[in-house]
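In what follows, a structure is listed as structure tokens, so that the remarks can point back to it.
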Amino acid sequence: MISLSDIPAHGGTPVTLGMGLFLAALATAPFWLESVGLYQYLGIEVAIWILFAMGFNLLFGYIGLHSFGHGAYLGVGAYAFGLFQQGVAVNLWGGLLAAILAAAVAGAIVAAFVSHRRGIYFALMSIAFGQVFWFCAIKLHWLTGGEDGLLGIPRPDLSLGFVSIPLDDNRALYWFVAVVVAVSVLALWRLVNAPFGRVLQAIRQNETRARFVGYNVWLIKWLTFVLSAAFAGLAGGLFAMAQESAYPDVMSLHQSGLIVMMVLVGGGLVSFWGPVLGVVLYFLARDFIGGITETWLLWFGLMFMLMVMTRPEGLAGLIHVVRRQLGHEAATRSEAPKTKEV
Amino acid sequence: MDLLLPHIVNGLTLGLLFAMIALGFTLIVGVMEIINLAHGSLFALGAYFAMAWIGGDWFGASEFGIWWASLPVGMRYASALIFGPLCAAAAGMVLELCVRRTYGKAPLYGLLLTFGAALVIEELIRISWGTGEQSLTVPQLINGAFLAGGMIFSKYKFFAAGFAALSIVCVWLFLEKTPYGAIIKAGSHDSEMVRALGYDLSRLRLLVFGLGAALAGLAGVVMAPIWGLRPHIGVDVIIPAFLIIVLGGVGSFWGAVIAAALVGLAVGITGAYAPAWSMLSMYLLLIAVVTFRARGLMGRKSALEN
């Protein structure tokens with residue numbers, strides 16, 4: 001088995017092949033999405049879930065806290081955005097800020113309870129808290145609209161002080177989402193390649209040792225949880241804007257499990273870019289297998305089971321292994337003639 | 001107090017049924033240290049197979065089908081109590097053959113694998129029996145309601161509670177009084193030692209998984225007439241089972257039973273004051289207890305904490 005720390009660090013410079021490919025794909029998506037048989041809205045959806053998954057991986061892959069209730073913070077963000085638009089003012093920045101803050105506060109409260117738990121106990125507590133949020137979303141009719149959710153959330157204009165751009169069109173919204181996602185991913189990249197990111201991995205590998213070295217493990221875990229929830233909240237705000245609604249479904253155990261699946265299938269445990277692969281694969285599977293058969297989740301579930309059984313490091317782990325093997329073969333091939341000469 | 005009494009009775013009944021669901025779960029956790037997220041789906045599978053068995057859908061309008069439908073419901077129901085768990089056990093054993101690959105790795109992988117399995121089973125149920133809500137036929141004898149002390153109780157709920165109590169006692173006797181139980185318990189303490197003593201560990205694990213799944217299926221057949229059958233019932237069931245296991249302490253038999261009674265009571269009593277919110281009470285109970293007692297009421301240290 002390989003782990004995150006086997007993959008060489010890049011010293012924090014964002015100029016890598018992965019980042020280049022990611023930004024290029026993000027920047028060019030609207031131009032080729034339709035010509036390969038997809039549609040504009042998919043781009044928005046994938047970008048939002050990439051943001052959610054990468055923020056989640058900070059918690060899941062980097063510090064090793066296996067949260068199974070993370071959909072809650074996406075949901076809290078979505079509701080906060082919707083309530084801000086409907087109750088306070090139709091304002092893009094205010095709404096997104098409200099989404100981030102609400103999710104971060106929710107995350108901070110939950111993290112205070114769970115961040116000293118480990119292993120399965122953490123997973124179970126995160127499920128319990130996730131269910132509490134989901135339950136509240138369904139039952140607090142006066143606030144959340146119950147099972148139907150908040151409907152008709154407006155898409156506010158993007159105002160930059162001197163100019164105001166309407167985001168009603170899906171293509172315009174995509175550009176906005178893409179910029180937000182790019183900035184967030186750069187920030188995350190900077191974060192995990194800073195000393196802070198190394199501490200996260202140290203805690204995942206051996207919490208006791210990290211504590212003895214002198215790190216305030218509880219605080220770092222708490223902080224990571226809050227950060228991860230804040231990213232989920234931002235994704236939730238964008239999601240509410242894209243869907244023009246917020247509903248309890250995204251907070252269910254099912255959805256929270258799906259994000260874990262996406263991150264794992266992609267290889268979030270071993271790679272920064274793993275979650276991106278996982279999200280893209282999930283949505284492509286949904287659209288392609290879903291186009292062939294109604295029961296696409298069955299096939300996705302089987303694929304996932306097979307993956308956990310044979311390659312728990314996910315797609316990114318597979319790529320890493322293949323690359324290492326190719327590199328190894330190339331190295332032996334170049335050495336082979338030398339030994340012959342001798 | 002008079003007002004509260006029926007809710008306490010209802011709560012305890014619910015607690016017994018929860019305990020029955022959680023028992024199979026705790027067996028599997030104890031021996032294999034796998035959190036089986038597909039436990040609820042095995043529950044659903046048992047219930048759906050029992051429903052199909054009682055209805056005799058498979059035989060259609062054939063001669064055998066007509067003869068089958070003419071049999072008394074009681075007989076078909078009683079045999080479904082065996083058939084449903086058997087189907088669940090078979091599915092559980094297939095699942096164990098897959099889960100086998102995650103032994104010795106982080107517990108996360110078992111959790112994820114069984115989550116995938118839950119998804120797959122739920123979809124299979126959807127394909128086989130449709131997405132709508134269905135119900136399971138119950139014999140007349142245990143249907144309806146009866147009056148006691150000026151209050152109305154459901155006959156079936158009492159039958160189900162009695163049945164659950166009986167199966168809890170049977171599982172306890174099996175674990176405490178038979179040599180098989182001794183091996184299972186030893187396996188949950190130190191599986192390497194059991195292997196060293198010459199027992200076939202992989203067969204033991206297969207059988208325990210089968211037994212746990214059968215208990216889930218049995219709980220499914222008993223609960224189906226009360227809760228109704230829908231494809232996603234697995235998720236609704238796995239949550240209480242989870243809560244009970246953590247609340248009681250992972251791997252503890254009596255911990256699970258006591259926790260189930262507590263959860264049942266909490267749901268029952270809050271049901272008296274705020275029916276819409278009664279299910280929330282169990283999460284709050286868990287959070288309250290686990291905040292102060294990290295390993296639950298009667299838990300011991302286990303590999304699942306890593």
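In the structure tokens, the first chain shown is A, the next is B, and so on; residue numbers restart at 1 for each chain, and ligands run from 1 in the order shown.
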
Discussion item. Please identify the strand (DSSP E or B) residues within region 57-234 of chain B (assignment by DSSP from backbone atoms) and present them as a ChimeraX atom specification.
Written reply: /B:134,145-148,151-154,229

Please produce an output containing C-alpha atoms for each residue in the selection, written as a compact mmCIF listing (two decimals), in the first residue's frame.
# COMPACT_ATOMS: atom_id res chain seq x y z
CA GLN B 134 -45.23 -2.43 0.40
CA ALA B 145 -55.51 -4.41 18.98
CA PHE B 146 -56.43 -5.33 22.53
CA LEU B 147 -57.54 -3.41 25.57
CA ALA B 148 -55.65 -3.49 28.86
CA MET B 151 -55.55 1.56 27.09
CA ILE B 152 -55.34 0.20 23.56
CA PHE B 153 -52.24 -1.72 22.51
CA SER B 154 -51.36 -3.28 19.20
CA LEU B 229 -41.25 -1.95 3.39

Could you list, as a PDB file with N, CA and C atoms, in the first residue's frame, every residue of chain A that has an atom within 7 Å of an atom of chain B, counting only C-alpha atoms?
ATOM      1  N   PHE A 113     -17.087  18.827  19.699  1.00  0.00           N
ATOM      2  CA  PHE A 113     -17.506  17.552  20.284  1.00  0.00           C
ATOM      3  C   PHE A 113     -16.675  16.376  19.772  1.00  0.00           C
ATOM      4  N   ARG A 118     -11.431   9.239  17.694  1.00  0.00           N
ATOM      5  CA  ARG A 118     -10.605   8.652  16.659  1.00  0.00           C
ATOM      6  C   ARG A 118     -11.324   7.484  15.984  1.00  0.00           C
ATOM      7  N   GLY A 119     -10.835   7.137  14.792  1.00  0.00           N
ATOM      8  CA  GLY A 119     -11.299   5.936  14.104  1.00  0.00           C
ATOM      9  C   GLY A 119     -12.800   5.894  13.920  1.00  0.00           C
ATOM     10  N   ILE A 120     -13.330   4.737  14.212  1.00  0.00           N
ATOM     11  CA  ILE A 120     -14.736   4.483  13.975  1.00  0.00           C
ATOM     12  C   ILE A 120     -15.628   5.348  14.851  1.00  0.00           C
ATOM     13  N   TYR A 121     -15.147   5.702  16.052  1.00  0.00           N
ATOM     14  CA  TYR A 121     -15.953   6.538  16.928  1.00  0.00           C
ATOM     15  C   TYR A 121     -16.152   7.912  16.305  1.00  0.00           C
ATOM     16  N   ALA A 128     -23.860  10.831  13.404  1.00  0.00           N
ATOM     17  CA  ALA A 128     -24.928  11.274  14.308  1.00  0.00           C
ATOM     18  C   ALA A 128     -25.175  12.772  14.153  1.00  0.00           C
ATOM     19  N   VAL A 132     -28.464  14.843  12.721  1.00  0.00           N
ATOM     20  CA  VAL A 132     -29.157  15.896  13.462  1.00  0.00           C
ATOM     21  C   VAL A 132     -29.441  17.080  12.537  1.00  0.00           C
ATOM     22  N   THR A 295     -30.668   1.888 -13.413  1.00  0.00           N
ATOM     23  CA  THR A 295     -30.078   1.395 -12.178  1.00  0.00           C
ATOM     24  C   THR A 295     -28.578   1.605 -12.167  1.00  0.00           C
ATOM     25  N   LEU A 297     -26.749   3.304 -10.274  1.00  0.00           N
ATOM     26  CA  LEU A 297     -26.096   3.268  -8.956  1.00  0.00           C
ATOM     27  C   LEU A 297     -25.647   1.859  -8.591  1.00  0.00           C
ATOM     28  N   LEU A 298     -26.375   0.857  -9.097  1.00  0.00           N
ATOM     29  CA  LEU A 298     -25.979  -0.534  -8.877  1.00  0.00           C
ATOM     30  C   LEU A 298     -24.600  -0.780  -9.458  1.00  0.00           C
ATOM     31  N   GLY A 301     -21.996   1.209  -7.643  1.00  0.00           N
ATOM     32  CA  GLY A 301     -21.728   0.565  -6.351  1.00  0.00           C
ATOM     33  C   GLY A 301     -20.827  -0.653  -6.507  1.00  0.00           C
ATOM     34  N   LEU A 302     -21.096  -1.474  -7.534  1.00  0.00           N
ATOM     35  CA  LEU A 302     -20.276  -2.663  -7.783  1.00  0.00           C
ATOM     36  C   LEU A 302     -18.845  -2.266  -8.130  1.00  0.00           C
ATOM     37  N   PHE A 304     -17.381   0.416  -7.250  1.00  0.00           N
ATOM     38  CA  PHE A 304     -16.769   0.932  -6.028  1.00  0.00           C
ATOM     39  C   PHE A 304     -16.302  -0.214  -5.127  1.00  0.00           C
ATOM     40  N   MET A 305     -17.161  -1.238  -4.974  1.00  0.00           N
ATOM     41  CA  MET A 305     -16.783  -2.383  -4.132  1.00  0.00           C
ATOM     42  C   MET A 305     -15.518  -3.042  -4.664  1.00  0.00           C
ATOM     43  N   VAL A 308     -12.504  -0.930  -3.805  1.00  0.00           N
ATOM     44  CA  VAL A 308     -12.066  -1.030  -2.404  1.00  0.00           C
ATOM     45  C   VAL A 308     -11.358  -2.362  -2.171  1.00  0.00           C
ATOM     46  N   MET A 309     -11.860  -3.417  -2.842  1.00  0.00           N
ATOM     47  CA  MET A 309     -11.273  -4.737  -2.634  1.00  0.00           C
ATOM     48  C   MET A 309      -9.883  -4.849  -3.246  1.00  0.00           C
TER      49      MET A 309
END

Fill in: For Ala186 (chain B): contacts at 12 Å, only C-alpha atoms, fewer than 6 positions along chain excluded, given as an MDAnalysis selection string
chainID B and resid 30:32 175:176 179:180 192:197 199 201 204

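Checking B:Met223, B:Lys157, B:Ser135, B:Leu297 one by one against Gly11 (chain B), counting only C-alpha atoms, you find the shortest gap at B:Lys157.
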
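Here the question is which of A:Val114, A:Val88, A:Leu306, A:Met54 gets nearest to Ala187 (chain A) using only C-alpha atoms, and that residue is A:Met54.
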
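With CA of Ala24 (chain A) on one side and CA of Ala182 (chain A) on the other, the separation reads 10.4 Å.
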
Worksheet item: What lies within 9 Å of Gly220 (chain B) using only C-alpha atoms, ignoring chain neighbours under 4 positions off, as a list in words?
Response: Ile21, Gly40, Leu42, Phe43, Ala44, Leu45, Gly46, Ala47, Tyr48, Ala50, Gly84, Pro85, Leu215, Ala216 and Ala224 of chain B

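One finds CA of Ala53 (chain A) at 14.0 Å from CA of Val270 (chain A).
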
Worksheet item: What lies within 9 Å of Leu86 (chain B) using only C-alpha atoms, ignoring chain neighbours under 6 positions off, as a ChimeraX atom specification?
Response: /B:46,210,213-214,217-218

Write the selection just made, keeping all heavy atoms, as an mmCIF file, in the first residue's frame?
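Produced file selection.cif, reproduced below:
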data_model
loop_
_atom_site.group_PDB
_atom_site.id
_atom_site.type_symbol
_atom_site.label_atom_id
_atom_site.label_comp_id
_atom_site.auth_asym_id
_atom_site.auth_seq_id
_atom_site.Cartn_x
_atom_site.Cartn_y
_atom_site.Cartn_z
ATOM 1 N N GLY B 46 -34.085 -9.515 4.084
ATOM 2 C CA GLY B 46 -34.843 -10.545 4.797
ATOM 3 C C GLY B 46 -36.329 -10.258 4.723
ATOM 4 O O GLY B 46 -37.145 -11.148 4.436
ATOM 5 N N GLY B 210 -22.677 -14.881 8.598
ATOM 6 C CA GLY B 210 -23.959 -15.471 8.213
ATOM 7 C C GLY B 210 -24.967 -15.364 9.351
ATOM 8 O O GLY B 210 -26.121 -14.994 9.142
ATOM 9 N N ALA B 213 -26.090 -11.797 9.798
ATOM 10 C CA ALA B 213 -27.005 -11.425 8.716
ATOM 11 C C ALA B 213 -28.359 -12.076 8.930
ATOM 12 O O ALA B 213 -29.402 -11.460 8.681
ATOM 13 C CB ALA B 213 -26.419 -11.835 7.374
ATOM 14 N N ALA B 214 -28.369 -13.324 9.414
ATOM 15 C CA ALA B 214 -29.636 -14.008 9.661
ATOM 16 C C ALA B 214 -30.437 -13.272 10.731
ATOM 17 O O ALA B 214 -31.658 -13.118 10.601
ATOM 18 C CB ALA B 214 -29.387 -15.445 10.082
ATOM 19 N N GLY B 217 -31.931 -10.348 9.132
ATOM 20 C CA GLY B 217 -33.075 -10.746 8.311
ATOM 21 C C GLY B 217 -34.287 -11.060 9.163
ATOM 22 O O GLY B 217 -35.412 -10.665 8.841
ATOM 23 N N LEU B 218 -34.053 -11.738 10.286
ATOM 24 C CA LEU B 218 -35.149 -12.089 11.201
ATOM 25 C C LEU B 218 -35.805 -10.813 11.726
ATOM 26 O O LEU B 218 -37.039 -10.689 11.730
ATOM 27 C CB LEU B 218 -34.590 -12.921 12.352
ATOM 28 C CG LEU B 218 -35.623 -13.554 13.285
ATOM 29 C CD1 LEU B 218 -36.494 -14.531 12.530
ATOM 30 C CD2 LEU B 218 -34.925 -14.266 14.442
#

Discussion item. According to DSSP computed on the backbone, where in region 221-286 of chain B is there helix (DSSP H, G or I)? Give the residues as number ranges by chain.
Written reply: B: 221-227, 233-248, 253-273, 275-277, 280-286

Fill in: Contacts of region 313-315 of chain A at 7 Å (only C-alpha atoms; same-chain gap of 3+ positions) as a ChimeraX atom specification
/A:264-267,269-270,307,318-319

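For the pair CA of Arg230 (chain B) and CA of Thr131 (chain B), the interatomic distance is 6.7 Å.
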
Discussion item. Please list as number ranges by chain every residue within 8 Å of Pro166 (chain A), counting only C-alpha atoms and excluding residues in the same chain fewer than 4 positions away.
Written reply: A: 156-158, 172

Can I get the selected residues back with N, CA, C and O atoms, as a PDB file, in the first residue's frame?
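Result went into out_26.pdb, see below:
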ATOM      1  N   PRO A 156     -28.193  36.158  -7.718  1.00  0.00           N
ATOM      2  CA  PRO A 156     -27.861  37.580  -7.729  1.00  0.00           C
ATOM      3  C   PRO A 156     -26.791  37.901  -8.769  1.00  0.00           C
ATOM      4  O   PRO A 156     -26.035  37.026  -9.193  1.00  0.00           O
ATOM      5  N   ASP A 157     -26.774  39.183  -9.184  1.00  0.00           N
ATOM      6  CA  ASP A 157     -25.758  39.613 -10.150  1.00  0.00           C
ATOM      7  C   ASP A 157     -24.393  39.651  -9.493  1.00  0.00           C
ATOM      8  O   ASP A 157     -24.272  39.848  -8.298  1.00  0.00           O
ATOM      9  N   LEU A 158     -23.394  39.451 -10.316  1.00  0.00           N
ATOM     10  CA  LEU A 158     -22.020  39.569  -9.839  1.00  0.00           C
ATOM     11  C   LEU A 158     -21.641  41.039  -9.924  1.00  0.00           C
ATOM     12  O   LEU A 158     -21.476  41.579 -11.016  1.00  0.00           O
ATOM     13  N   ALA A 172     -22.434  32.001 -17.946  1.00  0.00           N
ATOM     14  CA  ALA A 172     -21.903  33.077 -17.096  1.00  0.00           C
ATOM     15  C   ALA A 172     -21.661  32.552 -15.690  1.00  0.00           C
ATOM     16  O   ALA A 172     -20.623  32.828 -15.072  1.00  0.00           O
TER      17      ALA A 172
END

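Here the question is which of B:Ala38, B:Ser278, B:Ala182, B:Phe25 gets nearest to Phe135 (chain A) using only C-alpha atoms, and that residue is B:Ser278.
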